[in-house]
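Asker: Dropping in final-v4.cif, with mmCIF, C-alpha atoms.
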```cif
data_upload
loop_
_atom_site.label_atom_id
_atom_site.label_comp_id
_atom_site.auth_asym_id
_atom_site.auth_seq_id
_atom_site.Cartn_x
_atom_site.Cartn_y
_atom_site.Cartn_z
CA MET A 586 0.00 0.00 0.00
CA LYS A 587 1.18 3.52 -0.80
CA ILE A 588 0.73 6.25 1.79
CA SER A 589 1.34 10.00 1.53
CA VAL A 590 2.43 11.81 4.68
CA GLY A 591 2.48 15.51 5.44
CA CYS A 592 3.10 17.62 8.51
CA ASP A 593 3.85 21.12 9.70
CA HIS A 594 6.81 22.25 11.79
CA SER A 595 5.13 21.37 15.09
CA ALA A 596 4.69 17.75 14.00
CA LEU A 597 8.09 17.12 12.43
CA GLU A 598 9.32 14.87 15.25
CA LEU A 599 6.19 12.73 15.23
CA LYS A 600 6.30 12.43 11.44
CA ASN A 601 9.96 11.39 11.63
CA GLU A 602 9.00 8.66 14.09
CA ILE A 603 6.04 7.42 12.04
CA ILE A 604 7.67 7.17 8.61
CA PRO A 605 10.34 4.61 9.57
CA TYR A 606 7.64 2.59 11.33
CA LEU A 607 5.50 2.57 8.18
CA LYS A 608 8.44 1.52 6.03
CA GLU A 609 9.32 -1.28 8.48
CA GLN A 610 5.75 -2.53 8.07
CA GLY A 611 6.25 -2.69 4.30
CA TYR A 612 4.36 0.42 3.24
CA GLU A 613 5.61 2.68 0.48
CA VAL A 614 5.70 6.24 1.84
CA LYS A 615 5.64 9.53 -0.02
CA ASP A 616 6.88 12.22 2.39
CA TYR A 617 5.71 15.73 1.53
CA GLY A 618 7.42 17.30 4.52
CA THR A 619 7.91 19.61 6.09
CA PHE A 620 11.54 18.81 6.68
CA SER A 621 12.52 21.47 9.19
CA LYS A 622 11.32 23.13 12.39
CA GLU A 623 11.02 26.46 10.58
CA SER A 624 7.50 27.82 10.85
CA CYS A 625 5.34 26.83 7.89
CA ASP A 626 1.71 26.49 6.86
CA TYR A 627 0.18 23.03 7.40
CA THR A 628 -2.11 23.65 4.43
CA ASP A 629 0.76 23.41 1.94
CA PHE A 630 1.63 19.88 3.02
CA GLY A 631 -1.86 18.62 3.79
CA ILE A 632 -3.22 19.54 0.38
CA LYS A 633 -0.43 17.73 -1.47
CA ALA A 634 -0.89 14.50 0.47
CA ALA A 635 -4.69 14.63 0.21
CA GLU A 636 -4.52 15.29 -3.53
CA ASP A 637 -2.51 12.09 -3.91
CA VAL A 638 -5.51 10.23 -2.48
CA ARG A 639 -7.89 12.06 -4.81
CA ASP A 640 -5.70 11.34 -7.83
CA GLY A 641 -5.31 7.65 -6.97
CA LEU A 642 -1.54 7.92 -6.54
CA VAL A 643 -1.80 6.49 -3.02
CA GLU A 644 -4.47 4.54 -1.15
CA ARG A 645 -4.20 6.56 2.07
CA ALA A 646 -2.72 9.71 3.59
CA ILE A 647 -1.59 10.58 7.10
CA LEU A 648 -1.46 14.24 8.10
CA ILE A 649 -0.09 15.69 11.31
CA CYS A 650 -0.14 19.17 12.80
CA TYR A 651 -0.20 20.56 16.31
CA THR A 652 -3.83 19.65 17.02
CA GLY A 653 -4.68 17.70 13.87
CA ILE A 654 -7.70 19.95 13.37
CA GLY A 655 -6.25 22.12 10.63
CA MET A 656 -5.00 19.14 8.68
CA SER A 657 -8.38 17.42 8.90
CA ILE A 658 -10.14 20.56 7.69
CA ILE A 659 -7.87 21.12 4.70
CA ALA A 660 -7.89 17.45 3.69
CA ASN A 661 -11.68 17.35 3.73
CA LYS A 662 -11.75 20.19 1.22
CA VAL A 663 -10.23 17.82 -1.36
CA LYS A 664 -12.86 15.98 -3.36
CA GLY A 665 -12.97 12.27 -2.59
CA VAL A 666 -11.05 12.55 0.66
CA ARG A 667 -12.64 11.44 3.91
CA CYS A 668 -10.28 12.53 6.64
CA ALA A 669 -10.79 11.76 10.32
CA LEU A 670 -8.99 13.34 13.24
CA VAL A 671 -8.21 10.44 15.56
CA HIS A 672 -6.90 10.36 19.13
CA TYR A 673 -7.68 6.76 20.11
CA VAL A 674 -7.35 3.32 18.55
CA GLU A 675 -11.10 2.73 18.81
CA GLU A 676 -11.76 5.87 16.77
CA ALA A 677 -9.32 4.63 14.12
CA VAL A 678 -11.22 1.36 13.84
CA LEU A 679 -14.62 3.06 13.72
CA THR A 680 -13.66 5.63 11.11
CA ARG A 681 -12.53 2.85 8.81
CA GLU A 682 -15.49 0.56 9.51
CA HIS A 683 -18.18 3.25 9.38
CA ASN A 684 -16.78 6.03 7.18
CA ASP A 685 -14.25 4.30 4.93
CA SER A 686 -11.81 7.09 5.78
CA ASN A 687 -8.86 7.32 3.43
CA CYS A 688 -7.01 10.04 5.30
CA LEU A 689 -5.94 10.13 8.94
CA ALA A 690 -5.20 13.32 10.87
CA LEU A 691 -3.15 13.16 14.04
CA SER A 692 -2.26 15.67 16.73
CA ALA A 693 1.41 16.15 17.58
CA LYS A 694 0.36 17.79 20.86
CA PHE A 695 -2.02 15.10 22.10
CA THR A 696 -0.56 11.92 20.57
CA THR A 697 2.70 10.21 21.52
CA GLY A 698 4.76 8.26 19.01
CA SER A 699 3.70 4.97 20.57
CA GLU A 700 0.03 5.96 20.49
CA ALA A 701 0.34 7.19 16.90
CA LYS A 702 1.79 3.85 15.78
CA GLN A 703 -1.06 1.94 17.44
CA ILE A 704 -3.65 4.27 15.90
CA ILE A 705 -2.07 4.05 12.46
CA GLN A 706 -1.81 0.26 12.58
CA ALA A 707 -5.45 -0.10 13.61
CA TRP A 708 -6.51 2.34 10.89
CA LEU A 709 -4.50 0.56 8.21
CA ASP A 710 -5.61 -2.93 9.29
CA THR A 711 -9.33 -2.21 9.56
CA PRO A 712 -11.47 -2.70 6.47
CA PHE A 713 -14.62 -0.76 5.61
CA SER A 714 -17.58 -2.77 6.92
CA PHE A 715 -19.68 -2.35 3.75
CA GLY A 716 -22.74 -2.77 5.94
CA GLU A 717 -25.88 -1.36 4.35
CA ARG A 718 -26.17 1.71 6.57
CA HIS A 719 -22.45 2.57 6.36
CA ALA A 720 -22.26 2.10 2.60
CA ARG A 721 -25.41 4.18 2.17
CA ARG A 722 -23.95 7.04 4.19
CA VAL A 723 -20.58 7.02 2.43
CA GLU A 724 -22.43 6.95 -0.90
CA LYS A 725 -24.38 10.05 0.17
CA ILE A 726 -21.10 11.83 0.91
CA SER A 727 -19.75 10.88 -2.51
CA LYS A 728 -22.96 11.93 -4.24
CA TYR A 729 -22.88 15.31 -2.51
CA GLU A 730 -19.29 15.83 -3.62
CA GLU A 731 -20.19 14.99 -7.22
CA GLU A 732 -23.10 17.41 -7.23
CA HIS A 733 -21.58 20.31 -5.29
CA LEU A 734 -17.80 20.31 -5.54
#
```
Any chance you could give the structure as C-alpha cells?
Answerer:
Amino acid sequence: MKISVGCDHSALELKNEIIPYLKEQGYEVKDYGTFSKESCDYTDFGIKAAEDVRDGLVERAILICYTGIGMSIIANKVKGVRCALVHYVEEAVLTREHNDSNCLALSAKFTTGSEAKQIIQAWLDTPFSFGERHARRVEKISKYEEEHL
C-alpha cells in the first residue's frame, strides 16, 4: 500500500518517528514534509498529500499538525477525501469501519509516538464494513461531492 504523509513544523518529530515505522511494516511512503522546524503552513503539506488520495496515486494519507484539526479541515476540502482526526485506537477502527476514511489526521500535541503507531496500525488494518447503513452514508457523501464540488 502507498501512503502520503504531510506535517507542519510542530509535527516534524512525530512524522519522523512514524515514517520509519510505516516503512518497516512494508508500506511505500511519499513524504511531503515539512523537513525542518522552521514555521510553515500546514495547508501546503496537507493539500499535497490529500490530492494524492484524490488522484489515486496512493491509497491513504496521514497528516499531522499541532492539534490535527487544521489538517483534517484542509484534507476534507479535497474531493474524494474522507479525513478523520483520531486520538484513540477505537476511533481509528470506527472511522474505517463506518466512514471508509482514506485520510488520517493526528495531533502532535495530544498523541505520543507509541500511540500514533497503534492508531495508524489499527486504521490501516481495519477494512470498511460495507454494511448497508455505512455504505449508504458514504455513498451520500460521494454523491454530494459529485453534485456540489
Asker: Written as a list in words, what is the full residue list that the PyMOL selection byres ((chain A and resi 615) around 6) yields on the file shown?
Answerer: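 Those residues are Ser589, Val614 and Asp616 of chain A.
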Asker: Could you make a table, as CSV, of the residues of segment 643-674 of chain A that have an atom within 9 Å of an atom of segment 697-701 of chain A, each with its nearest atom pair and distance in Å to one decimal, counting all atoms listed in the file, in chain and number order?
Answerer:
```
residue,atom,partner,partner_atom,distance
A:His672,CA,A:Ala701,CA,8.2
A:Tyr673,CA,A:Glu700,CA,7.8
A:Val674,CA,A:Glu700,CA,8.1
```
Asker: Those same residues, written as an mmCIF file, in the frame of the given file with C-alpha atoms?
Answerer:
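Result saved to part_24.cif:
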```cif
data_model
loop_
_atom_site.group_PDB
_atom_site.id
_atom_site.type_symbol
_atom_site.label_atom_id
_atom_site.label_comp_id
_atom_site.auth_asym_id
_atom_site.auth_seq_id
_atom_site.Cartn_x
_atom_site.Cartn_y
_atom_site.Cartn_z
ATOM 1 C CA HIS A 672 -6.900 10.360 19.130
ATOM 2 C CA TYR A 673 -7.680 6.760 20.110
ATOM 3 C CA VAL A 674 -7.350 3.320 18.550
#
```
Asker: At a cut-off of 8 Å, can you tabulate as JSON lines every residue of segment 667-723 of chain A near segment 645-657 of chain A together with its closest atom pair and the distance in Å to one decimal, using all atoms listed in the file and ordering rows by chain then number?
Answerer:
```
{"residue": "A:Cys668", "atom": "CA", "partner": "A:Ser657", "partner_atom": "CA", "distance": 5.7}
{"residue": "A:Ala669", "atom": "CA", "partner": "A:Ser657", "partner_atom": "CA", "distance": 6.3}
{"residue": "A:Leu670", "atom": "CA", "partner": "A:Ser657", "partner_atom": "CA", "distance": 6.0}
{"residue": "A:Asn687", "atom": "CA", "partner": "A:Arg645", "partner_atom": "CA", "distance": 4.9}
{"residue": "A:Cys688", "atom": "CA", "partner": "A:Ala646", "partner_atom": "CA", "distance": 4.6}
{"residue": "A:Leu689", "atom": "CA", "partner": "A:Ile647", "partner_atom": "CA", "distance": 4.7}
{"residue": "A:Ala690", "atom": "CA", "partner": "A:Leu648", "partner_atom": "CA", "distance": 4.7}
{"residue": "A:Leu691", "atom": "CA", "partner": "A:Gly653", "partner_atom": "CA", "distance": 4.8}
{"residue": "A:Ser692", "atom": "CA", "partner": "A:Gly653", "partner_atom": "CA", "distance": 4.3}
{"residue": "A:Ala693", "atom": "CA", "partner": "A:Tyr651", "partner_atom": "CA", "distance": 4.9}
{"residue": "A:Lys694", "atom": "CA", "partner": "A:Tyr651", "partner_atom": "CA", "distance": 5.4}
{"residue": "A:Phe695", "atom": "CA", "partner": "A:Thr652", "partner_atom": "CA", "distance": 7.1}
```
Asker: Let me make sure I understand: among A:Lys587, A:Lys608, A:His719, A:Arg639, which one has the smallest atom-to-atom distance to Leu679 of chain A if we use all atoms listed in the file?
Answerer: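 Nearest to Leu679 of chain A: A:His719.
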Asker: Could you check how far atom CA of Ser727 of chain A sits from atom CA of Lys662 of chain A, in Å to one decimal?
Answerer: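 Result for atom CA of Ser727 of chain A versus atom CA of Lys662 of chain A: 12.8 Å, one decimal.
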Asker: Tell me which residues the PyMOL selection byres ((chain A and resi 682) around 9) grabs here, as JSON, numbers by chain.
Answerer: {"A": [677, 678, 679, 680, 681, 683, 684, 685, 686, 711, 712, 713, 714, 715, 716, 719]}
